[in-house]
2 protein chains.
Amino acid sequence: MKRRETTTLDDVALAAGVSPATVSRCINQPASVRAEKRERIMNAIERLGYVPNGSARALASRKTRMIGAIMPSLDNMLFGGPLEAFQKEIGSAGYTVAVACSEYDLDQERIHVRNFLESQVDGLLLVGARRDPDIYRQIERQGIPYVLTWISSDTRKDHCVGFDNAAAAEQLVEYLVALGHRHFGMISGFIEHNDRAEARYRGVRDALARHGLSVPPDQLLQRPFDPDAGRDAFHLLVSAPNPPTAILCGSEPHAYGALFEAKDMNIDIPGDISVTGFDDMWLASQISPPLTTVRTPRGRMGRQAARHLLAQLRGERLVAPRPIETTLVVRKSTAPPRPISLSADSGFLHAQARTSAKSGS
Amino acid sequence: MKRRETTTLDDVALAAGVSPATVSRCINQPASVRAEKRERIMNAIERLGYVPNGSARALASRKTRMIGAIMPSLDNMLFGGPLEAFQKEIGSAGYTVAVACSEYDLDQERIHVRNFLESQVDGLLLVGARRDPDIYRQIERQGIPYVLTWISSDTRKDHCVGFDNAAAAEQLVEYLVALGHRHFGMISGFIEHNDRAEARYRGVRDALARHGLSVPPDQLLQRPFDPDAGRDAFHLLVSAPNPPTAILCGSEPHAYGALFEAKDMNIDIPGDISVTGFDDMWLASQISPPLTTVRTPRGRMGRQAARHLLAQLRGERLVAPRPIETTLVVRKSTAPPRPISLSADSGFLHAQARTSAKSGS
DNA sequence: CATCTTTCTGAAAGCGCTTTCATCGCGCTC
DNA sequence: GAGCGCGATGAAAGCGCTTTCAGAAAGATG
C-alpha cells in the first residue's frame, strides 16, 4: 500500500533490466554503455519520468555543479548585466548560479560566503578583493575556486577579473586637467569598505598629485550609489563657497543625479561645471548632455570571470588574467572651465546668472 | 597516513564525546540537547572548523533550502530590484536563491525549470503564467510550491502574485481618451510568448473598444524591451502617413527610447504627441519630460512573492493573493492632442515645423 | 523509595546516487 | 586454439547527514 514517492535510479535499472551502476553511467558517460542497452535505459527513463536527484548526486560525486555569486546589489542595473553574462557562460558548461546580495556590507557578505560553502558550491564569484582574510582562509580550506571581479592588480591578482579602477580614474583626471581644470570635487562611493571606490579615489588623488593638485577634503563626498544621493551631493558641492569646476563621479548613478540636479538648479553642464561618470551604462549616451565617462566592459568581464572559474574547475593552473581594458569616452558633459573669476565666493551665483542669460539669448 | 579531507559530523561527535545523532540535533534543534552537552559540541564545532555538508543534509532531510528563480532577464533593471527584494525576504527565512535567465524564451525557461527540479529546489519563482502545461505537471509531480509573478487574474490565480496588467493599461487608455486622444499607437513587447505584454495589449484594446476606438494593426509594434528598440519603433510610428497622437509603451524602456528619439527628431512631447510608460522606474520622474505612467510596486511584489512561497513551504493552505495595486502616475509626457488638422498625410511634418517654430520663439 | 513520566541520547537504517573493483565476454594475435 | 587485452557490466561500499526507535537518565509523584 505504501507507494514510492519518487522514481529513483533503481527503478529505472529494474525497468530496463540492468544494474543501477549502468544506468548511472548511461546518464553521465553515455559513450561507455553499449548502444542497445543505452536505448533500453533511455526508454525506461522517459517512460518513468525519472528525474535524477541532485542532492544524492552531489553527495556521491562531491560536485554540486553550482556556483555561488555574491553581488553588492541587483537593484542598480550595474551588476545585473554582468551577472547575466556570467550565468549564461557558466550555465552553458552545466553550472547553476545561486545569488545573494551583500548590500555593500562585508558582514552580510561573510554570512553568504559561509552559506555557500555549506551548500558545497563548486565555485564562488565575488566582487572586489578586500575583505577579512579569514574569509579567504575558509574558502581555501574547502579548496574551491573563486574569482574576484570588478577589480584587478591586487594582492590576489591570480583571481581578479576586472578593471584597473585607479588607472581608469587617472585617465579621466588627465583629460580634465588637460582641459584646464584645477578645482575638483568628487562624488564617491564609500571608500572604507569598497575597494573599487577606494581605487577610483586613489587614481584621482594620484593623478591630481602629479600636477600638484588635489581634491579638498570637504569636496570629496561619499554617498550610496543612487541618483538621488548624487543629486544631493552635487547640490552641496556647487553650493560651496568655492565650487569646483569639475566634478568626478565615482559611479554613473551619481553622475545622472548630478546632471538632473544641475538642470533643476539651472546650472549649465558643461558650461558652468564639467561632470564625469564611471562605467558608461546605456543612459550615459542618451542623457543630456551626454556624459563623458569611462567605459568598463562589464558584459565581457562577466563572461571572462566565468571562463576563469571554469578553467579552475577543470583543474587548470591558475594564471593571472589580464586586466580588462577601459576606455575614456568623451562626450558633452565636459569642457574647459570658464575663464577664472578671481572672486573666491559666490561662484555658483555667477554661474547661475550667466546660465540664465545664455539660455535666453 | 591518509588524512581526511573534510571534517564531518562524526569527527565532531568523536571530539565532543557524544553520538553523531546528538550533534545533528544540536545543530538542528539546539533546544532538544542538554545545555552542558550543547556547549561541548559547539566547542568542538568551533575548534574543528566544522562546516555541515549541505548535500548530505539535503539528501537525508529531503530539503535543500534552496529556491529557484527564473527571470526573463537581469540586464534591464526591471527584474533586479524585485529579485533582490525576494531574495532578502526569503533569505531571512534561511533559504538560498538560485537564478537563471530565460531571455524571454519559453524553451530556455523549460530547461531551467527542469534543472531546478533536478537540483531538488524547495520552491520555484517564475514570471508570468502562460507556459506549456507540461511544465506545471512536472512541477506538481515533484510536489514543490511555486509562485507566478508579474501577473494576476489567470487560471492559476492561487499562485499569482502580481498586477492586473490589463486593468493598469485600461487606466492609461481611459486617461488618454479623456484628454481627447483618438489615434493611438502602441510599442509593445512580444505578445505571443509573453502574457504580461499580452495582458497590457488586451487592456488597451478593450478600453479603446469601449469608446469605439482601436489601435490600427500597423501601429502596434512589437519589440524587445530596450530603449533602442523603443527609439526605432517611435520613429516608425511618427513617420507613418497618419501618425497617432498618443503612443502607449508596453514597457518603460520603450518609453525612454521614444522620448530620446523624440528629442532627436525635434518632436515635442507632449505638444505633438503624448507618450506613456509602464512600471514607473526611477528614470521616469527624472527624464524630460517626466513620464506619465503606471506605477507597479515591484519591490512589494518581490517581498510578497517570498511570503507567499514561504507560506506554502510551511504547509499552509494556498489562498489566492490579492492582485498588487497599480496606480496611474500623471506627469508631463501627456497632454490633450492638438486641434485636428484635417489633412490626413504629413502630420508629422506639420508637427515638426510647429515644434521648431515654437522652440525659436 | 518504587513507579511513572518526561527528557535526552545513541544505534542503526537509510536518503539516491557514484565509483571502485572484479568479472565477464569478445575480438585479436601468434 | 590458447592467451591476451580491452570495453562493458554488476556488486557493493560508501558519500555525510537525518531520523526513527528504543533505551537510559532525570524528574515527578504518591
# chains A, B, ... in the order shown; residues from 1 in each chain; ligands from 1
>>> residues_around(residues="DG23 (chain D)", least_positions_apart="5", cutoff="12 Å", atoms="only C-alpha atoms (C1' of nucleotides)", output="PDB file with N, CA and C atoms (P, O5', C5', C4', C3', O3' and C1' of nucleotides), in the first residue's frame")
ATOM      1  P    DC C   8      15.290  18.066  27.617  1.00  0.00           P
ATOM      2  O5'  DC C   8      16.584  17.142  27.552  1.00  0.00           O
ATOM      3  C5'  DC C   8      16.414  15.801  27.334  1.00  0.00           C
ATOM      4  C4'  DC C   8      17.714  15.051  27.539  1.00  0.00           C
ATOM      5  C3'  DC C   8      18.732  15.208  26.405  1.00  0.00           C
ATOM      6  O3'  DC C   8      20.024  14.969  26.938  1.00  0.00           O
ATOM      7  C1'  DC C   8      17.759  13.037  26.342  1.00  0.00           C
ATOM      8  P    DT C   9      21.288  15.043  25.935  1.00  0.00           P
ATOM      9  O5'  DT C   9      21.329  13.545  25.406  1.00  0.00           O
ATOM     10  C5'  DT C   9      21.927  12.545  26.227  1.00  0.00           C
ATOM     11  C4'  DT C   9      21.914  11.221  25.493  1.00  0.00           C
ATOM     12  C3'  DT C   9      22.771  11.179  24.231  1.00  0.00           C
ATOM     13  O3'  DT C   9      23.847  10.294  24.487  1.00  0.00           O
ATOM     14  C1'  DT C   9      20.656  10.141  23.915  1.00  0.00           C
ATOM     15  P    DG C  10      25.053  10.193  23.418  1.00  0.00           P
ATOM     16  O5'  DG C  10      24.662   8.819  22.713  1.00  0.00           O
ATOM     17  C5'  DG C  10      24.407   7.699  23.547  1.00  0.00           C
ATOM     18  C4'  DG C  10      24.075   6.483  22.709  1.00  0.00           C
ATOM     19  C3'  DG C  10      24.933   6.289  21.463  1.00  0.00           C
ATOM     20  O3'  DG C  10      25.130   4.884  21.320  1.00  0.00           O
ATOM     21  C1'  DG C  10      22.675   6.500  20.821  1.00  0.00           C
ATOM     22  P    DA C  11      26.173   4.308  20.288  1.00  0.00           P
ATOM     23  O5'  DA C  11      25.296   3.187  19.565  1.00  0.00           O
ATOM     24  C5'  DA C  11      24.186   2.607  20.259  1.00  0.00           C
ATOM     25  C4'  DA C  11      23.399   1.712  19.319  1.00  0.00           C
ATOM     26  C3'  DA C  11      24.145   1.222  18.084  1.00  0.00           C
ATOM     27  O3'  DA C  11      23.623  -0.054  17.741  1.00  0.00           O
ATOM     28  C1'  DA C  11      22.390   2.658  17.419  1.00  0.00           C
TER      29       DA C  11
END
>>> interface_residues(of="chain A", to="chain B", cutoff="7 Å", atoms="only C-alpha atoms", output="list in words")
Val51, Pro52, Asn53, Gly54, Ser55, Ala56, Ala58, Leu59, Leu74, Asp75, Asn76, Met77, Gly80, Gly81, Glu84, Val97, Ala98, Val99, Glu118, Ser119, Gln120, Phe260 and Gln286 of chain A
>>> residues_around(residues="DT29 (chain C)", least_positions_apart="4", cutoff="12 Å", atoms="only C-alpha atoms (C1' of nucleotides)", output="PyMOL selection string")
chain D and resi 1-5
>>> write_last_selection(atoms="N, CA and C atoms (P, O5', C5', C4', C3', O3' and C1' of nucleotides)", output="short mmCIF file (atom, residue, chain, number, x, y, z; two decimals), in the first residue's frame")
data_model
loop_
_atom_site.label_atom_id
_atom_site.label_comp_id
_atom_site.auth_asym_id
_atom_site.auth_seq_id
_atom_site.Cartn_x
_atom_site.Cartn_y
_atom_site.Cartn_z
P DG D 1 39.95 -25.91 -32.15
"O5'" DG D 1 41.05 -25.30 -31.19
"C5'" DG D 1 42.16 -26.06 -30.75
"C4'" DG D 1 43.00 -25.15 -29.91
"C3'" DG D 1 42.23 -24.51 -28.75
"O3'" DG D 1 43.14 -24.38 -27.67
"C1'" DG D 1 43.12 -22.81 -30.08
P DA D 2 42.70 -24.73 -26.22
"O5'" DA D 2 43.81 -23.97 -25.38
"C5'" DA D 2 45.18 -24.29 -25.62
"C4'" DA D 2 46.02 -23.04 -25.47
"C3'" DA D 2 45.72 -22.25 -24.19
"O3'" DA D 2 46.96 -21.88 -23.59
"C1'" DA D 2 45.46 -20.84 -26.07
P DG D 3 46.95 -21.06 -22.21
"O5'" DG D 3 47.16 -19.59 -22.76
"C5'" DG D 3 48.26 -19.31 -23.63
"C4'" DG D 3 48.27 -17.84 -23.94
"C3'" DG D 3 48.03 -16.94 -22.72
"O3'" DG D 3 48.99 -15.90 -22.75
"C1'" DG D 3 46.45 -16.42 -24.40
P DC D 4 49.08 -14.88 -21.50
"O5'" DC D 4 48.51 -13.55 -22.16
"C5'" DC D 4 48.97 -13.16 -23.46
"C4'" DC D 4 48.12 -12.01 -23.95
"C3'" DC D 4 47.78 -10.99 -22.87
"O3'" DC D 4 48.45 -9.77 -23.18
"C1'" DC D 4 45.88 -11.54 -24.23
P DG D 5 48.35 -8.54 -22.17
"O5'" DG D 5 47.20 -7.70 -22.88
"C5'" DG D 5 47.26 -7.46 -24.29
"C4'" DG D 5 46.03 -6.69 -24.70
"C3'" DG D 5 45.68 -5.53 -23.76
"O3'" DG D 5 45.27 -4.44 -24.56
"C1'" DG D 5 43.85 -7.02 -23.87
#
>>> interface_residues(of="chain D", to="chain B", cutoff="10 Å", atoms="only C-alpha atoms (C1' of nucleotides)", output="list of chain:residue names")
D:DC15, D:DG16, D:DC17, D:DT18, D:DT19
>>> residues_around(residues="Ala305 (chain A)", least_positions_apart="2", cutoff="8 Å", atoms="only C-alpha atoms (C1' of nucleotides)", output="PyMOL selection string")
chain A and resi 86+125+147-149+161+301-303+307-309
>>> select_by_dssp(residues="region 64-140 of chain A", states="alpha helix (DSSP H)", output="PyMOL selection string")
chain A and resi 80-91+106-118+133-140
>>> select_by_dssp(residues="region 148-350 of chain A", states="strand (DSSP E or B)", output="compact mmCIF listing (two decimals) with C-alpha atoms, in the first residue's frame")
# COMPACT_ATOMS: atom_id res chain seq x y z
CA LEU A 148 37.15 38.32 -7.79
CA THR A 149 35.56 40.77 -10.16
CA CYS A 160 40.98 39.01 -10.30
CA VAL A 161 38.95 39.51 -13.42
CA PHE A 184 37.93 69.28 -8.46
CA GLY A 185 35.13 67.79 -6.49
CA MET A 186 34.33 64.12 -6.25
CA ILE A 187 31.18 62.19 -5.52
CA SER A 188 32.38 58.79 -4.49
CA LEU A 220 35.10 64.57 -1.52
CA LEU A 221 31.61 63.32 -0.78
CA GLN A 222 30.92 59.67 -0.08
CA ALA A 246 34.88 69.76 -12.48
CA ILE A 247 33.08 67.03 -10.56
CA LEU A 248 34.20 63.45 -10.84
CA CYS A 249 31.59 60.85 -10.04
CA SER A 274 32.14 69.65 -16.05
CA VAL A 275 30.83 66.31 -14.84
CA THR A 276 32.20 62.84 -15.50
CA ASP A 279 31.06 52.83 -16.25
CA THR A 292 31.91 61.94 -20.55
CA THR A 293 32.87 58.76 -18.78
CA VAL A 294 34.99 55.65 -18.74
CA ARG A 295 33.68 52.56 -20.38
CA THR A 327 38.39 53.38 -22.42
CA LEU A 328 37.79 57.04 -21.95
CA VAL A 329 34.61 58.13 -23.67
>>> closest_atom_pairs(of="chain C", to="chain A", cutoff="8 Å", atoms="only C-alpha atoms (C1' of nucleotides)", output="tab-separated table")
residue	atom	partner	partner_atom	distance
C:DC15	C1'	A:Ala56	CA	7.5
C:DG16	C1'	A:Ala56	CA	5.0
C:DC17	C1'	A:Arg57	CA	4.9
C:DT18	C1'	A:Ala60	CA	5.2
>>> write_last_selection(atoms="N, CA and C atoms (P, O5', C5', C4', C3', O3' and C1' of nucleotides)", output="PDB file, in the first residue's frame")
ATOM      1  P    DC C  15      15.673   4.552   1.746  1.00  0.00           P
ATOM      2  O5'  DC C  15      16.036   6.046   1.382  1.00  0.00           O
ATOM      3  C5'  DC C  15      15.451   7.146   2.055  1.00  0.00           C
ATOM      4  C4'  DC C  15      16.173   8.402   1.597  1.00  0.00           C
ATOM      5  C3'  DC C  15      16.646   8.321   0.147  1.00  0.00           C
ATOM      6  O3'  DC C  15      15.719   9.028  -0.665  1.00  0.00           O
ATOM      7  C1'  DC C  15      18.382   9.142   1.630  1.00  0.00           C
ATOM      8  P    DG C  16      15.018   8.239  -1.897  1.00  0.00           P
ATOM      9  O5'  DG C  16      16.117   8.341  -3.050  1.00  0.00           O
ATOM     10  C5'  DG C  16      16.524   9.619  -3.495  1.00  0.00           C
ATOM     11  C4'  DG C  16      17.829   9.492  -4.224  1.00  0.00           C
ATOM     12  C3'  DG C  16      17.818   8.517  -5.401  1.00  0.00           C
ATOM     13  O3'  DG C  16      18.308   9.211  -6.520  1.00  0.00           O
ATOM     14  C1'  DG C  16      19.669   8.107  -4.024  1.00  0.00           C
ATOM     15  P    DC C  17      18.533   8.587  -7.929  1.00  0.00           P
ATOM     16  O5'  DC C  17      20.117   8.521  -7.988  1.00  0.00           O
ATOM     17  C5'  DC C  17      20.803   9.711  -8.216  1.00  0.00           C
ATOM     18  C4'  DC C  17      22.198   9.641  -7.657  1.00  0.00           C
ATOM     19  C3'  DC C  17      23.213   8.976  -8.581  1.00  0.00           C
ATOM     20  O3'  DC C  17      23.939  10.022  -9.245  1.00  0.00           O
ATOM     21  C1'  DC C  17      23.475   8.306  -6.290  1.00  0.00           C
ATOM     22  P    DT C  18      24.900   9.596 -10.452  1.00  0.00           P
ATOM     23  O5'  DT C  18      26.236   9.215  -9.667  1.00  0.00           O
ATOM     24  C5'  DT C  18      26.932  10.246  -9.008  1.00  0.00           C
ATOM     25  C4'  DT C  18      28.180   9.685  -8.390  1.00  0.00           C
ATOM     26  C3'  DT C  18      29.238   9.199  -9.367  1.00  0.00           C
ATOM     27  O3'  DT C  18      30.478   9.618  -8.826  1.00  0.00           O
ATOM     28  C1'  DT C  18      28.699   7.460  -7.896  1.00  0.00           C
TER      29       DT C  18
END
>>> decode(residues="region 36-184 of chain A", atoms="C-alpha atoms", output="tab-separated table (two decimals), in the first residue's frame")
chain	number	residue	atom	x	y	z
A	36	GLU	CA	21.43	-1.32	-27.31
A	37	LYS	CA	21.30	-1.01	-23.54
A	38	ARG	CA	21.50	2.71	-23.69
A	39	GLU	CA	18.34	2.75	-25.70
A	40	ARG	CA	16.54	0.48	-23.27
A	41	ILE	CA	17.62	2.68	-20.40
A	42	MET	CA	16.65	5.91	-22.08
A	43	ASN	CA	13.28	4.46	-22.81
A	44	ALA	CA	12.76	3.50	-19.21
A	45	ILE	CA	13.84	6.95	-18.06
A	46	GLU	CA	11.40	8.53	-20.41
A	47	ARG	CA	8.59	6.18	-19.55
A	48	LEU	CA	9.00	6.57	-15.81
A	49	GLY	CA	9.62	10.29	-15.97
A	50	TYR	CA	12.76	9.80	-13.99
A	51	VAL	CA	14.47	12.92	-12.65
A	52	PRO	CA	17.87	12.36	-11.04
A	53	ASN	CA	18.20	13.59	-7.50
A	54	GLY	CA	20.80	16.32	-7.44
A	55	SER	CA	21.46	16.05	-3.75
A	56	ALA	CA	22.29	12.39	-3.90
A	57	ARG	CA	24.39	13.05	-6.91
A	58	ALA	CA	26.23	15.83	-5.18
A	59	LEU	CA	26.82	13.76	-2.12
A	60	ALA	CA	28.21	10.84	-4.03
A	61	SER	CA	30.23	12.78	-6.56
A	62	ARG	CA	31.24	15.67	-4.34
A	63	LYS	CA	30.18	18.08	-7.02
A	64	THR	CA	27.13	20.28	-6.89
A	65	ARG	CA	27.61	21.98	-10.25
A	66	MET	CA	26.55	25.13	-8.54
A	67	ILE	CA	28.38	28.42	-8.33
A	68	GLY	CA	27.66	30.98	-5.65
A	69	ALA	CA	27.66	34.62	-6.66
A	70	ILE	CA	27.58	37.40	-4.12
A	71	MET	CA	26.80	40.83	-5.52
A	72	PRO	CA	26.62	44.11	-3.66
A	73	SER	CA	23.22	44.77	-5.20
A	74	LEU	CA	20.96	43.75	-8.02
A	75	ASP	CA	18.86	46.82	-8.00
A	76	ASN	CA	21.10	49.36	-9.61
A	77	MET	CA	21.42	47.97	-13.11
A	78	LEU	CA	25.17	47.73	-12.64
A	79	PHE	CA	25.51	44.14	-11.55
A	80	GLY	CA	22.60	42.58	-13.34
A	81	GLY	CA	24.14	42.66	-16.78
A	82	PRO	CA	27.48	41.14	-15.88
A	83	LEU	CA	25.75	38.60	-13.68
A	84	GLU	CA	23.54	37.58	-16.54
A	85	ALA	CA	26.56	37.27	-18.80
A	86	PHE	CA	28.32	35.20	-16.18
A	87	GLN	CA	25.32	32.99	-15.72
A	88	LYS	CA	24.92	32.43	-19.42
A	89	GLU	CA	28.53	31.48	-19.91
A	90	ILE	CA	28.86	29.24	-16.92
A	91	GLY	CA	25.40	27.84	-17.42
A	92	SER	CA	26.38	26.56	-20.81
A	93	ALA	CA	29.01	24.49	-19.07
A	94	GLY	CA	26.31	22.92	-16.97
A	95	TYR	CA	26.60	25.01	-13.85
A	96	THR	CA	23.82	26.71	-11.97
A	97	VAL	CA	24.27	30.11	-10.35
A	98	ALA	CA	23.00	30.95	-6.91
A	99	VAL	CA	22.99	34.62	-6.00
A	100	ALA	CA	22.96	36.60	-2.84
A	101	CYS	CA	23.19	40.33	-2.18
A	102	SER	CA	25.53	41.81	0.35
A	103	GLU	CA	24.19	45.35	0.14
A	104	TYR	CA	27.77	46.58	0.13
A	105	ASP	CA	28.12	45.17	3.62
A	106	LEU	CA	31.09	42.95	4.37
A	107	ASP	CA	29.40	41.26	7.30
A	108	GLN	CA	26.49	40.20	5.19
A	109	GLU	CA	28.91	39.05	2.59
A	110	ARG	CA	30.70	36.85	5.09
A	111	ILE	CA	27.44	35.20	6.05
A	112	HIS	CA	26.60	34.49	2.46
A	113	VAL	CA	30.03	33.04	1.81
A	114	ARG	CA	29.55	30.78	4.74
A	115	ASN	CA	26.15	29.68	3.49
A	116	PHE	CA	27.51	28.94	0.08
A	117	LEU	CA	30.37	26.94	1.49
A	118	GLU	CA	27.86	24.97	3.44
A	119	SER	CA	25.86	24.43	0.28
A	120	GLN	CA	29.00	22.92	-1.18
A	121	VAL	CA	29.10	25.24	-4.14
A	122	ASP	CA	31.79	24.29	-6.61
A	123	GLY	CA	32.96	27.86	-7.02
A	124	LEU	CA	32.45	31.39	-5.87
A	125	LEU	CA	32.07	34.73	-7.61
A	126	LEU	CA	32.79	37.78	-5.52
A	127	VAL	CA	33.00	41.47	-6.20
A	128	GLY	CA	36.11	43.28	-5.07
A	129	ALA	CA	39.12	41.83	-3.32
A	130	ARG	CA	39.30	43.46	0.06
A	131	ARG	CA	37.68	41.51	2.84
A	132	ASP	CA	38.59	39.76	6.04
A	133	PRO	CA	41.45	37.35	5.29
A	134	ASP	CA	39.63	34.80	7.34
A	135	ILE	CA	37.06	34.55	4.60
A	136	TYR	CA	39.72	33.61	2.09
A	137	ARG	CA	41.05	31.10	4.57
A	138	GLN	CA	37.68	29.44	4.83
A	139	ILE	CA	37.27	29.33	1.09
A	140	GLU	CA	40.67	27.87	0.56
A	141	ARG	CA	40.15	25.39	3.32
A	142	GLN	CA	37.31	23.91	1.31
A	143	GLY	CA	39.56	24.05	-1.70
A	144	ILE	CA	37.05	25.62	-4.02
A	145	PRO	CA	37.97	28.02	-6.79
A	146	TYR	CA	36.86	31.61	-6.72
A	147	VAL	CA	37.08	34.69	-8.83
A	148	LEU	CA	37.15	38.32	-7.79
A	149	THR	CA	35.56	40.77	-10.16
A	150	TRP	CA	35.41	44.49	-10.78
A	151	ILE	CA	38.97	44.90	-9.73
A	152	SER	CA	42.48	43.94	-10.70
A	153	SER	CA	46.04	44.49	-9.64
A	154	ASP	CA	45.52	43.46	-6.12
A	155	THR	CA	47.40	41.04	-3.94
A	156	ARG	CA	45.20	38.22	-5.18
A	157	LYS	CA	45.89	39.07	-8.76
A	158	ASP	CA	45.51	35.49	-9.91
A	159	HIS	CA	41.87	35.56	-9.03
A	160	CYS	CA	40.98	39.01	-10.30
A	161	VAL	CA	38.95	39.51	-13.42
A	162	GLY	CA	38.29	43.20	-13.59
A	163	PHE	CA	39.46	46.66	-14.43
A	164	ASP	CA	42.21	48.80	-13.14
A	165	ASN	CA	39.88	51.26	-11.47
A	166	ALA	CA	42.67	53.56	-10.42
A	167	ALA	CA	44.12	53.80	-13.91
A	168	ALA	CA	40.70	54.50	-15.36
A	169	ALA	CA	40.15	57.29	-12.88
A	170	GLU	CA	43.55	58.69	-13.77
A	171	GLN	CA	42.60	58.81	-17.42
A	172	LEU	CA	39.61	60.89	-16.55
A	173	VAL	CA	41.64	63.26	-14.43
A	174	GLU	CA	44.37	63.69	-17.02
A	175	TYR	CA	41.74	64.59	-19.54
A	176	LEU	CA	40.15	67.16	-17.27
A	177	VAL	CA	43.47	68.64	-16.28
A	178	ALA	CA	44.40	68.93	-19.94
A	179	LEU	CA	41.16	70.83	-20.46
A	180	GLY	CA	42.41	73.29	-17.89
A	181	HIS	CA	40.55	72.28	-14.75
A	182	ARG	CA	42.23	72.94	-11.43
A	183	HIS	CA	39.37	72.73	-8.94
A	184	PHE	CA	37.93	69.28	-8.46
